[in-house]
Amino acid sequence: MTGKKGSVIIMFKKYGKKVYHILLITLLILNIVLTTRVLGWIYLPGEVTPLDKAKQGAQAVINYSEDLAKSYGVARSKSVKDILARFKYEIEKSSDPEEVASLMLDYGRQTQDIIFREVQNKRLNTILDLINRQELPKEGSVTISMVNGKVKFYDPRGILEDKIRKKIKEISLNQTVEIVIENKRARVITSEDIFNQVEYLQTKIASLERQLTEIKKVTGYGPLSGPGIIIKVYDKNGNLEKTGIVHSTDIRNIVDELIIAGAKGVEVGGQRLTVHSAIRCVGPTILVNNKPIPVNPIVIKAVGDPEVLASSLNIVRNHLKAFGIELKVTKQKEISLKGQS
């Protein structure tokens, strides 16, 4: 028995430290994984991300639109296939849930407009085909409209045969159709067609305006609101050396870290940053967008995930601390950034 106990003790001394180190490293890795997951930097295998959820919602809209087109018999229409293809492509390449939501709103409306426009054209072509099957006079006109849920005909010359009228009544109409007969052939001339096109173009314009607004937000030329952080950068107290003064390079380093961490918009000293913005020193003055900004503190605002943005500044904070420069961060539920004019 004594020999066995001694063997166990020897094995523990031999392998115990290795096991301890392996367990310690394993716990450290698990802690890093859990921390990054809580901050939203990574997602575990099989876990649905906000982007995945947004794309699933968009796919549901696409599926509904495809089923709608099939139910009306216009799924093979070129315009319907084109809009659905663009819809799918834009959703697939999207990398942000808000972008997916905007695309879903824009393309969802456009797709339905095109589907119903194609349905209406199909019905008009069916009516036209029915009228052209019968013997027609050299010229004339017929008006077909829906009144109180019933199809009515204005046909003073009695051009339409009863069997044609009966078949036309079976077709759902939501507009007034004017038929003109020239050289014994009927064609449709209806003001509703113009109104339908105007409505479609108005929808398209509204969609483009909405997209332009979103583009302005992310490029810095439009106002942007959301959760984020406010950073205040202070010079070293009683500083008489250049090393304790906040320089433009320090501000650029902070801004770079914020952008890498996913900031949707950044404002420095009241100046909204764009792709053309410059941060530089001219003597003791810091210029942003070629305009002097207040210093000590320099106030920086950033819209994005407050936890992620704040964590991204740890390295910069420690670097500046070595020179006596203080960096204070405040997390906010709502921050408003103005657009750069």
# chains A, B, ... in the order shown; residues from 1 in each chain; ligands from 1

call {"tool": "residues_around", "arguments": {"residues": "Ile260 of chain A", "least_positions_apart": "2", "cutoff": "12 Å", "atoms": "only C-alpha atoms", "output": "list in words"}}
result
Trp41, Asn253, Ile254, Val255, Asp256, Glu257, Leu258, Gly262, Ala263, Lys264, Gly265, Val266, Gly304, Val308, Leu309, Ser311, Ser312 and Leu313 of chain A

call {"tool": "write_last_selection", "arguments": {"atoms": "N, CA, C and O atoms", "output": "compact mmCIF listing (two decimals), in the first residue's frame"}}
result
# COMPACT_ATOMS: atom_id res chain seq x y z
N TRP A 41 -18.58 40.62 -30.04
CA TRP A 41 -17.52 40.58 -31.06
C TRP A 41 -17.55 39.28 -31.84
O TRP A 41 -17.15 39.23 -33.00
N ASN A 253 -5.42 58.69 -33.62
CA ASN A 253 -5.33 57.33 -33.08
C ASN A 253 -6.63 56.91 -32.41
O ASN A 253 -7.09 55.78 -32.58
N ILE A 254 -7.24 57.83 -31.68
CA ILE A 254 -8.52 57.54 -31.02
C ILE A 254 -9.59 57.28 -32.07
O ILE A 254 -10.36 56.31 -31.97
N VAL A 255 -9.66 58.15 -33.06
CA VAL A 255 -10.66 58.00 -34.12
C VAL A 255 -10.47 56.68 -34.87
O VAL A 255 -11.45 55.98 -35.17
N ASP A 256 -9.23 56.33 -35.17
CA ASP A 256 -8.95 55.07 -35.88
C ASP A 256 -9.47 53.87 -35.10
O ASP A 256 -10.07 52.95 -35.67
N GLU A 257 -9.22 53.88 -33.78
CA GLU A 257 -9.68 52.77 -32.94
C GLU A 257 -11.21 52.69 -32.93
O GLU A 257 -11.78 51.59 -32.96
N LEU A 258 -11.87 53.83 -32.89
CA LEU A 258 -13.34 53.86 -32.89
C LEU A 258 -13.90 53.29 -34.18
O LEU A 258 -14.86 52.52 -34.18
N GLY A 262 -16.14 49.66 -35.10
CA GLY A 262 -17.48 49.67 -35.68
C GLY A 262 -18.29 50.92 -35.45
O GLY A 262 -19.53 50.89 -35.56
N ALA A 263 -17.64 52.04 -35.14
CA ALA A 263 -18.38 53.29 -34.96
C ALA A 263 -19.10 53.67 -36.25
O ALA A 263 -18.50 53.65 -37.33
N LYS A 264 -20.37 54.02 -36.14
CA LYS A 264 -21.16 54.39 -37.32
C LYS A 264 -20.97 55.86 -37.69
O LYS A 264 -21.24 56.25 -38.82
N GLY A 265 -20.53 56.64 -36.73
CA GLY A 265 -20.27 58.06 -36.97
C GLY A 265 -19.43 58.63 -35.84
O GLY A 265 -19.54 58.19 -34.70
N VAL A 266 -18.56 59.60 -36.17
CA VAL A 266 -17.68 60.20 -35.17
C VAL A 266 -17.69 61.72 -35.33
O VAL A 266 -17.70 62.23 -36.45
N GLY A 304 -22.37 54.00 -31.81
CA GLY A 304 -22.08 52.58 -32.01
C GLY A 304 -22.34 51.83 -30.73
O GLY A 304 -22.94 52.36 -29.79
N VAL A 308 -18.39 48.02 -26.84
CA VAL A 308 -17.32 47.71 -27.79
C VAL A 308 -16.44 48.93 -28.03
O VAL A 308 -15.20 48.84 -28.03
N LEU A 309 -17.08 50.10 -28.21
CA LEU A 309 -16.31 51.33 -28.46
C LEU A 309 -15.43 51.68 -27.27
O LEU A 309 -14.26 52.05 -27.43
N SER A 311 -14.25 49.68 -24.93
CA SER A 311 -13.17 48.69 -24.78
C SER A 311 -12.06 48.90 -25.80
O SER A 311 -10.89 48.61 -25.53
N SER A 312 -12.42 49.43 -26.97
CA SER A 312 -11.42 49.60 -28.03
C SER A 312 -10.38 50.66 -27.69
O SER A 312 -9.32 50.73 -28.33
N LEU A 313 -10.66 51.50 -26.68
CA LEU A 313 -9.76 52.61 -26.36
C LEU A 313 -8.77 52.28 -25.25
O LEU A 313 -8.00 53.16 -24.82

call {"tool": "closest_residue", "arguments": {"among": "A:Ala278, A:Ile159, A:Lys55, A:Ile231", "to": "Ser94 of chain A", "atoms": "only C-alpha atoms"}}
result
A:Lys55

call {"tool": "atom_distance", "arguments": {"atom1": "atom CA of Ile179 of chain A", "atom2": "atom CA of Phe153 of chain A"}}
result
10.8 Å

call {"tool": "residues_around", "arguments": {"residues": "Leu320 of chain A", "least_positions_apart": "6", "cutoff": "9 Å", "atoms": "only C-alpha atoms", "output": "PDB file with C-alpha atoms, in the first residue's frame"}}
result
ATOM      1  CA  GLY A 244       1.839  66.307 -22.039  1.00  0.00           C
ATOM      2  CA  VAL A 246      -2.831  66.383 -26.774  1.00  0.00           C
ATOM      3  CA  ASP A 250      -3.435  61.344 -30.540  1.00  0.00           C
ATOM      4  CA  GLU A 326      -6.229  61.809 -19.258  1.00  0.00           C
ATOM      5  CA  LEU A 327      -8.964  60.136 -21.329  1.00  0.00           C
TER       6      LEU A 327
END

call {"tool": "atom_distance", "arguments": {"atom1": "atom CA of Leu201 of chain A", "atom2": "atom CA of Ile114 of chain A"}}
result
11.0 Å

call {"tool": "residues_around", "arguments": {"residues": "Ile91 of chain A", "least_positions_apart": "4", "cutoff": "9 Å", "atoms": "only C-alpha atoms", "output": "PyMOL selection string"}}
result
chain A and resi 55+58-59+86-87+95+99-100+103-104

call {"tool": "atom_distance", "arguments": {"atom1": "atom CA of Glu90 of chain A", "atom2": "atom CA of Arg76 of chain A"}}
result
20.8 Å

call {"tool": "closest_residue", "arguments": {"among": "A:Leu136, A:Leu173, A:Ile83, A:Ile144", "to": "Lys122 of chain A", "atoms": "only C-alpha atoms"}}
result
A:Leu173

call {"tool": "select_by_dssp", "arguments": {"residues": "segment 128-219 of chain A", "states": "helix (DSSP H, G or I)", "output": "PyMOL selection string"}}
result
chain A and resi 128-133+162-169+191-219

call {"tool": "closest_residue", "arguments": {"among": "A:Ile279, A:Ile286, A:Ala261, A:Ile181", "to": "Asn314 of chain A", "atoms": "only C-alpha atoms"}}
result
A:Ala261

call {"tool": "residues_around", "arguments": {"residues": "segment 161-164 of chain A", "least_positions_apart": "3", "cutoff": "12 Å", "atoms": "only C-alpha atoms", "output": "MDAnalysis selection string"}}
result
chainID A and resid 126:136 142 153 155 157:158 167:171

call {"tool": "residues_around", "arguments": {"residues": "Pro227 of chain A", "least_positions_apart": "6", "cutoff": "8 Å", "atoms": "only C-alpha atoms", "output": "list in words"}}
result
Val303, Gly304, Asp305, Pro306, Gln332, Lys333, Glu334 and Ile335 of chain A

call {"tool": "write_last_selection", "arguments": {"atoms": "N, CA, C and O atoms", "output": "compact mmCIF listing (two decimals), in the first residue's frame"}}
result
# COMPACT_ATOMS: atom_id res chain seq x y z
N VAL A 303 -21.06 57.18 -32.33
CA VAL A 303 -22.28 56.36 -32.29
C VAL A 303 -21.92 54.93 -32.64
O VAL A 303 -21.22 54.67 -33.63
N GLY A 304 -22.37 54.00 -31.81
CA GLY A 304 -22.08 52.58 -32.01
C GLY A 304 -22.34 51.83 -30.73
O GLY A 304 -22.94 52.36 -29.79
N ASP A 305 -21.90 50.59 -30.66
CA ASP A 305 -22.06 49.79 -29.44
C ASP A 305 -21.19 50.39 -28.33
O ASP A 305 -19.96 50.36 -28.43
N PRO A 306 -21.80 50.93 -27.26
CA PRO A 306 -21.02 51.60 -26.21
C PRO A 306 -19.95 50.72 -25.59
O PRO A 306 -18.83 51.18 -25.34
N GLN A 332 -23.38 56.30 -23.35
CA GLN A 332 -24.67 56.98 -23.48
C GLN A 332 -25.67 56.09 -24.21
O GLN A 332 -25.31 55.38 -25.16
N LYS A 333 -26.94 56.14 -23.77
CA LYS A 333 -27.98 55.39 -24.47
C LYS A 333 -28.38 56.06 -25.79
O LYS A 333 -28.84 55.40 -26.71
N GLU A 334 -28.18 57.37 -25.85
CA GLU A 334 -28.56 58.11 -27.07
C GLU A 334 -27.61 59.28 -27.26
O GLU A 334 -27.41 60.09 -26.36
N ILE A 335 -27.02 59.34 -28.45
CA ILE A 335 -26.13 60.44 -28.83
C ILE A 335 -26.57 60.95 -30.19
O ILE A 335 -26.94 60.16 -31.06
